[in-house]
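Novice: Submitted below is the structure of interest, expressed as structure tokens.
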Amino acid sequence: MAASPLTLAPRRAVDASVDHGIQAIVAGTATGSTCSTDLAATPWTFDTVPGYGPGASMGDVIPTGSPRQGELPAEYREASEDELHARIRAAKETLGDRVVVLGHFYQRDEVVRHADYVGDSFQLANAAKAHPEAEAIVFCGVHFMAETADLLSGPGQAVILPNLAAGCSMADMADIDQVEECWEQLEDVYGPLDEPDADGFLPVIPVTYMNSSAAIKGFVGRHGGIVCTSSNARTVLEWAFARGRRVLFFPDQHLGRNTAKAMGVPLERMPMWNPHRPLGGSSEQDLRDARVILWHGFCSVHRRFTVDQIDRARAEHPGVRVIVHPECPMPVVDAADEAGSTDVIRRAIVSATAPTTFAIGTEINLVQRLAAQHPQHTIFCLDPVVCPCSTMYRIHPGYLAWTLEELVAGRVVNRITVADEVAAPARVALERMLAAKPASATPARTA
Ligand code: 13P
Ligand code: SF4
């Protein structure tokens with residue numbers, strides 16, 4: 001891929017590698033703490049063990065039947081960081097335009113440096129769509145992102161997830177069977193869900209966050225619903241309220257609550273739906289009065305941020321600008337100066353002209369990279385404990401080297417494919433989102 005001026009990395013004041021920081025903390029050569037010393041181990045240590053692996057999601061319950069990664073060949077497990085780097089570069093050079101490598105903002109630096117595009121999940125899906133000439137799209141992100149890229153890319157293109165164990169614990173909290181069951185229970189409360197009332201409103205419109213399986217996106221598409229991202233959630237809720245009496249929002253309760261609250265929906269009209277309880281744990285009356293029914297899901301990375309951390313940042317850094325992701329709990333979003341998606345956070349920093357101190361409430365890999373790229377600012381993560389997203393962390397350069405070298409040898413491994421019967425309605429839900437108002441769709445091209 002041709003180099004662009006954007007590739008010129010700014011002079012680095014700090015090492016952007018969270019990995020190096022973790023190794024140093026665990027070895028005792030740097031101060032600080034991590035949420036798990038297992039983070040210093042390589043991800044293949046965990047590939048044979050069920051679970052999300054070390055990091056923020058390690059305590060979350062992994063659904064049975066979640067994809068597992070087979071054993072990575074020894075040559076990749078044993079290679080040094082420098083060797084993997086050289087092999088990835090060589091494989092990419094051989095493949096040329098036949099491959100596009102996408103890197104999510106939360107990926108480790110050792111992976112991001114090989115990405116042709118770095119961005120949020122929606123931007124990267126668009127980058128996949130923009131390269132019909134590529135035979136393969138290697139998505140360094142998590143499972144739902146690779147599925148979305150498969151939905152938006154051409155039929156002859158293979159979307160590859162370098163480590164199949166890179167799921168998303170939040171997306172896994174809304175399982176399609178639970179959602180179907182919820183829909184049936186709501187039908188008992190509201191009557192037929194596909195019949196508009198006298199004013200033309202449906203009883204409930206399902207809205208799913210991009211961080212959900214293709215099966216859930218398909219469900220939403222089949223039932224008159226829509227997908228949202230963290231950057232267009234308000235626009236999407238407005239779209240839904242123009243068509244329905246209420247919204248069923250999944251899987252992230254926090255994004256749903258924060259967005260609806262900012263739109264003036266009172267908290268008492270946002271009952272929670274816990275899939276393990278009858279009627280989601282709410283009364284029939286609460287469900288009838290509801291404007292937004294919030295699925296009981298959350299992100300374990302963003303749940304770590306607290307109001308205490310913000311208070312401490314303000315006490316230690318007078319004038320600090322606190323920006324958090326809307327997946328953070330409501331009191332944290334309320335206490336912050338601003339809340340926005342990963343790209344909103346990035347753009348806030350890029351556009352700050354005067355040297356500024358930023359305290360950021362999102363995943364550590366993005367925060368540390370922004371700190372390294374913008375040495376004129378002081379940028380730190382609100383969470384003092386180094387605790388990356390467990391599943392993003394499963395993508396290590398070893399898997400990237402393996403998938404790319406397999407492509408060079410003419411073999412496609414770890415392909416993510418969405419079945420046609422799910423893909424068609426899922427695309428409908430995505431198209432509705434794009435028509436409602438496109439989110440900022442341009443990722444930063446790096447090479
Ligand atoms: P983006 O949609 O901003 O990429 O966020 C994805 C994510 O996983 C946030 O936790
Ligand atoms: Fe999922 Fe949270 Fe990780 Fe994002 S940061 S991929 S929502 S677990």
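Each chain in the structure tokens gets a letter, A, B, ..., in the order shown, and its residues are numbered from 1; ligands are numbered from 1 in order too.
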Kindly work out which residues sit at most 6 Å from ligand 2, using only C-alpha atoms and all ligand atoms, and give the list as a list in words.

Specialist: Cys168, Ser169, Met170, Cys299, Ser300, Val301 and Cys389 of chain A

Novice: Show me which residues are within 7 Å of ligand 1 counting only C-alpha atoms and all ligand atoms, and format the list as a list in words.

Specialist: His104, Phe105, Gly119, Asp120, Ser121, Phe122, Met210, Asn211, Thr229, Ser230, Cys299, Glu327, Ser341, Thr342 and Asp343 of chain A

Novice: If I take atom CA of A:Ser57 and atom CA of A:Asp172, how far is one from the other in Å, to one decimal?

Specialist: 11.3 Å

Novice: Could the residues of stretch 290-358 of chain A that have an atom at most 9 Å from stretch 255-267 of chain A be listed as a Markdown table, each with its closest atom pair and the distance in Å to one decimal, counting only C-alpha atoms and ordered by chain and ascending residue number?

Specialist:
```
| residue | atom | partner | partner_atom | distance |
| --- | --- | --- | --- | --- |
| A:Arg291 | CA | A:Val265 | CA | 7.2 |
| A:Val292 | CA | A:Ala260 | CA | 7.5 |
| A:Ile293 | CA | A:Gly256 | CA | 8.7 |
| A:Leu294 | CA | A:Gly256 | CA | 6.5 |
| A:Trp295 | CA | A:Gly256 | CA | 8.6 |
| A:Phe298 | CA | A:Leu255 | CA | 8.7 |
| A:His325 | CA | A:Leu255 | CA | 8.8 |
| A:Pro326 | CA | A:Leu255 | CA | 5.3 |
| A:Glu327 | CA | A:Leu255 | CA | 5.0 |
| A:Cys328 | CA | A:Leu255 | CA | 7.6 |
| A:Pro329 | CA | A:Asn258 | CA | 7.9 |
| A:Met330 | CA | A:Asn258 | CA | 5.8 |
| A:Val333 | CA | A:Asn258 | CA | 7.4 |
| A:Asp334 | CA | A:Asn258 | CA | 8.7 |
```

Novice: For the structure I just gave you, how does DSSP split stretch 273-446 of chain A - specifically, which residues are alpha helix (DSSP H)? Reply as number ranges by chain.

Specialist: A: 284-289, 307-316, 330-335, 342-350, 364-373, 397-408, 420-436

Novice: Considering only C-alpha atoms, return as a ChimeraX atom specification whatever protein or nucleic-acid residues lie within 10 Å of A:Leu202, sequence-local ones (same chain, fewer than 6 positions apart) excluded.

Specialist: /A:190,192-196,224,240-247

Novice: Could you pull out all residues of stretch 153-401 of chain A with a DSSP call of strand (DSSP E or B) and give them as a PyMOL selection string?

Specialist: chain A and resi 158-160+202+205-209+226-228+244+247-250+252+272-273+292-295+297+321-324+338-339+357-361+378-381+385-386

Novice: Once you have the residues from the selection above, write them out as a PDB file, in the first residue's frame, restricted to C-alpha atoms.

Specialist:
```pdb
ATOM      1  CA  ALA A 158     -12.290 -13.003   3.128  1.00  0.00           C
ATOM      2  CA  VAL A 159     -12.393 -11.269   6.504  1.00  0.00           C
ATOM      3  CA  ILE A 160      -9.828 -12.740   8.875  1.00  0.00           C
ATOM      4  CA  LEU A 202     -45.003   0.473  17.005  1.00  0.00           C
ATOM      5  CA  ILE A 205     -38.262  -0.585  18.345  1.00  0.00           C
ATOM      6  CA  PRO A 206     -35.149  -2.733  18.928  1.00  0.00           C
ATOM      7  CA  VAL A 207     -31.874  -0.833  18.758  1.00  0.00           C
ATOM      8  CA  THR A 208     -28.546  -2.596  18.985  1.00  0.00           C
ATOM      9  CA  TYR A 209     -25.130  -1.126  19.577  1.00  0.00           C
ATOM     10  CA  ILE A 226     -31.590  -0.251  13.713  1.00  0.00           C
ATOM     11  CA  VAL A 227     -27.904  -0.376  14.699  1.00  0.00           C
ATOM     12  CA  CYS A 228     -26.087   2.490  16.443  1.00  0.00           C
ATOM     13  CA  GLY A 244     -42.064   3.591  18.205  1.00  0.00           C
ATOM     14  CA  VAL A 247     -36.920   1.352  22.521  1.00  0.00           C
ATOM     15  CA  LEU A 248     -35.350  -1.944  23.536  1.00  0.00           C
ATOM     16  CA  PHE A 249     -31.645  -1.110  23.675  1.00  0.00           C
ATOM     17  CA  PHE A 250     -28.875  -3.704  23.787  1.00  0.00           C
ATOM     18  CA  ASP A 252     -24.812  -1.801  26.689  1.00  0.00           C
ATOM     19  CA  MET A 272     -33.432  -2.754  33.034  1.00  0.00           C
ATOM     20  CA  TRP A 273     -33.896  -6.079  31.251  1.00  0.00           C
ATOM     21  CA  VAL A 292     -36.081   2.814  26.911  1.00  0.00           C
ATOM     22  CA  ILE A 293     -35.680  -0.758  28.126  1.00  0.00           C
ATOM     23  CA  LEU A 294     -31.995  -1.266  28.875  1.00  0.00           C
ATOM     24  CA  TRP A 295     -30.440  -4.668  28.355  1.00  0.00           C
ATOM     25  CA  GLY A 297     -24.919  -5.530  29.492  1.00  0.00           C
ATOM     26  CA  ARG A 321     -10.008  18.190  30.776  1.00  0.00           C
ATOM     27  CA  VAL A 322     -11.780  14.927  31.582  1.00  0.00           C
ATOM     28  CA  ILE A 323     -13.162  13.019  28.582  1.00  0.00           C
ATOM     29  CA  VAL A 324     -14.762   9.609  28.960  1.00  0.00           C
ATOM     30  CA  GLU A 338     -17.109  15.564  27.921  1.00  0.00           C
ATOM     31  CA  ALA A 339     -18.157  12.111  26.806  1.00  0.00           C
ATOM     32  CA  THR A 357      -3.830  18.122  30.479  1.00  0.00           C
ATOM     33  CA  PHE A 358      -6.291  15.394  29.503  1.00  0.00           C
ATOM     34  CA  ALA A 359      -7.586  12.645  31.795  1.00  0.00           C
ATOM     35  CA  ILE A 360      -9.167   9.994  29.602  1.00  0.00           C
ATOM     36  CA  GLY A 361     -11.678   7.301  30.477  1.00  0.00           C
ATOM     37  CA  THR A 378      -0.183  15.727  29.272  1.00  0.00           C
ATOM     38  CA  ILE A 379      -2.460  12.750  28.650  1.00  0.00           C
ATOM     39  CA  PHE A 380      -3.185  10.004  31.139  1.00  0.00           C
ATOM     40  CA  CYS A 381      -5.742   7.287  31.776  1.00  0.00           C
ATOM     41  CA  VAL A 385      -4.219   0.294  37.156  1.00  0.00           C
ATOM     42  CA  VAL A 386      -3.052  -0.947  33.749  1.00  0.00           C
TER      43      VAL A 386
END
```

Novice: Of the candidates A:Ile364, A:Val418, A:Leu430, A:Ala74, which one gets nearest to A:Cys387 if we count only C-alpha atoms?

Specialist: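 Checking each of A:Ile364, A:Val418, A:Leu430, A:Ala74 against A:Cys387, counting only C-alpha atoms, the winner is A:Ile364.
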
Novice: Quick check, in Å to one decimal: how far apart do atom CA of A:Gly59 and atom CA of A:Ser390 lie?

Specialist: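 About the pair atom CA of A:Gly59 and atom CA of A:Ser390: they are 10.1 Å apart.
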
Novice: What gap, in Å, lies between atom CA of A:Pro162 and atom CA of A:Arg415?

Specialist: 8.8 Å

Novice: Calculated over only C-alpha atoms, which of the candidates A:Ala136, A:Asp420, A:Ala401, A:Ser212 has the smallest distance to A:Arg89?

Specialist: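 Among the listed residues, the smallest separation from A:Arg89 belongs to A:Ala401.
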
Novice: Smallest atom-to-atom distance to A:Val99: which of A:Ala352, A:Ala125, A:Val412, A:Ala371, using only C-alpha atoms?

Specialist: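 Of the candidates, the smallest distance to A:Val99 is held by A:Val412.
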
Novice: Extract, using only C-alpha atoms, all DNA, RNA and protein residues at most 7 Å from A:Ala215, discarding same-chain residues fewer than 4 positions from it, and format them as a list in words.

Specialist: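 Within the cut-off, the hits are Ile176, Phe219 and Val422 of chain A.
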
Novice: Given the choices A:Asp383, A:Glu135, A:Glu431, A:Glu75, which gets closest to A:Thr34 if the distance is worked out from only C-alpha atoms?

Specialist: A:Asp383

Novice: Could you check the closest approach to A:Gly70 for each of A:Val408, A:Ala171, A:Ala423, A:Leu164 and tell me which residue wins, using only C-alpha atoms?

Specialist: A:Leu164

Novice: Could you check the closest approach to A:Leu151 for each of A:Thr48, A:Asp188, A:Ala214, A:Pro318 and tell me which residue wins, using only C-alpha atoms?

Specialist: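 Nearest to A:Leu151: A:Ala214.
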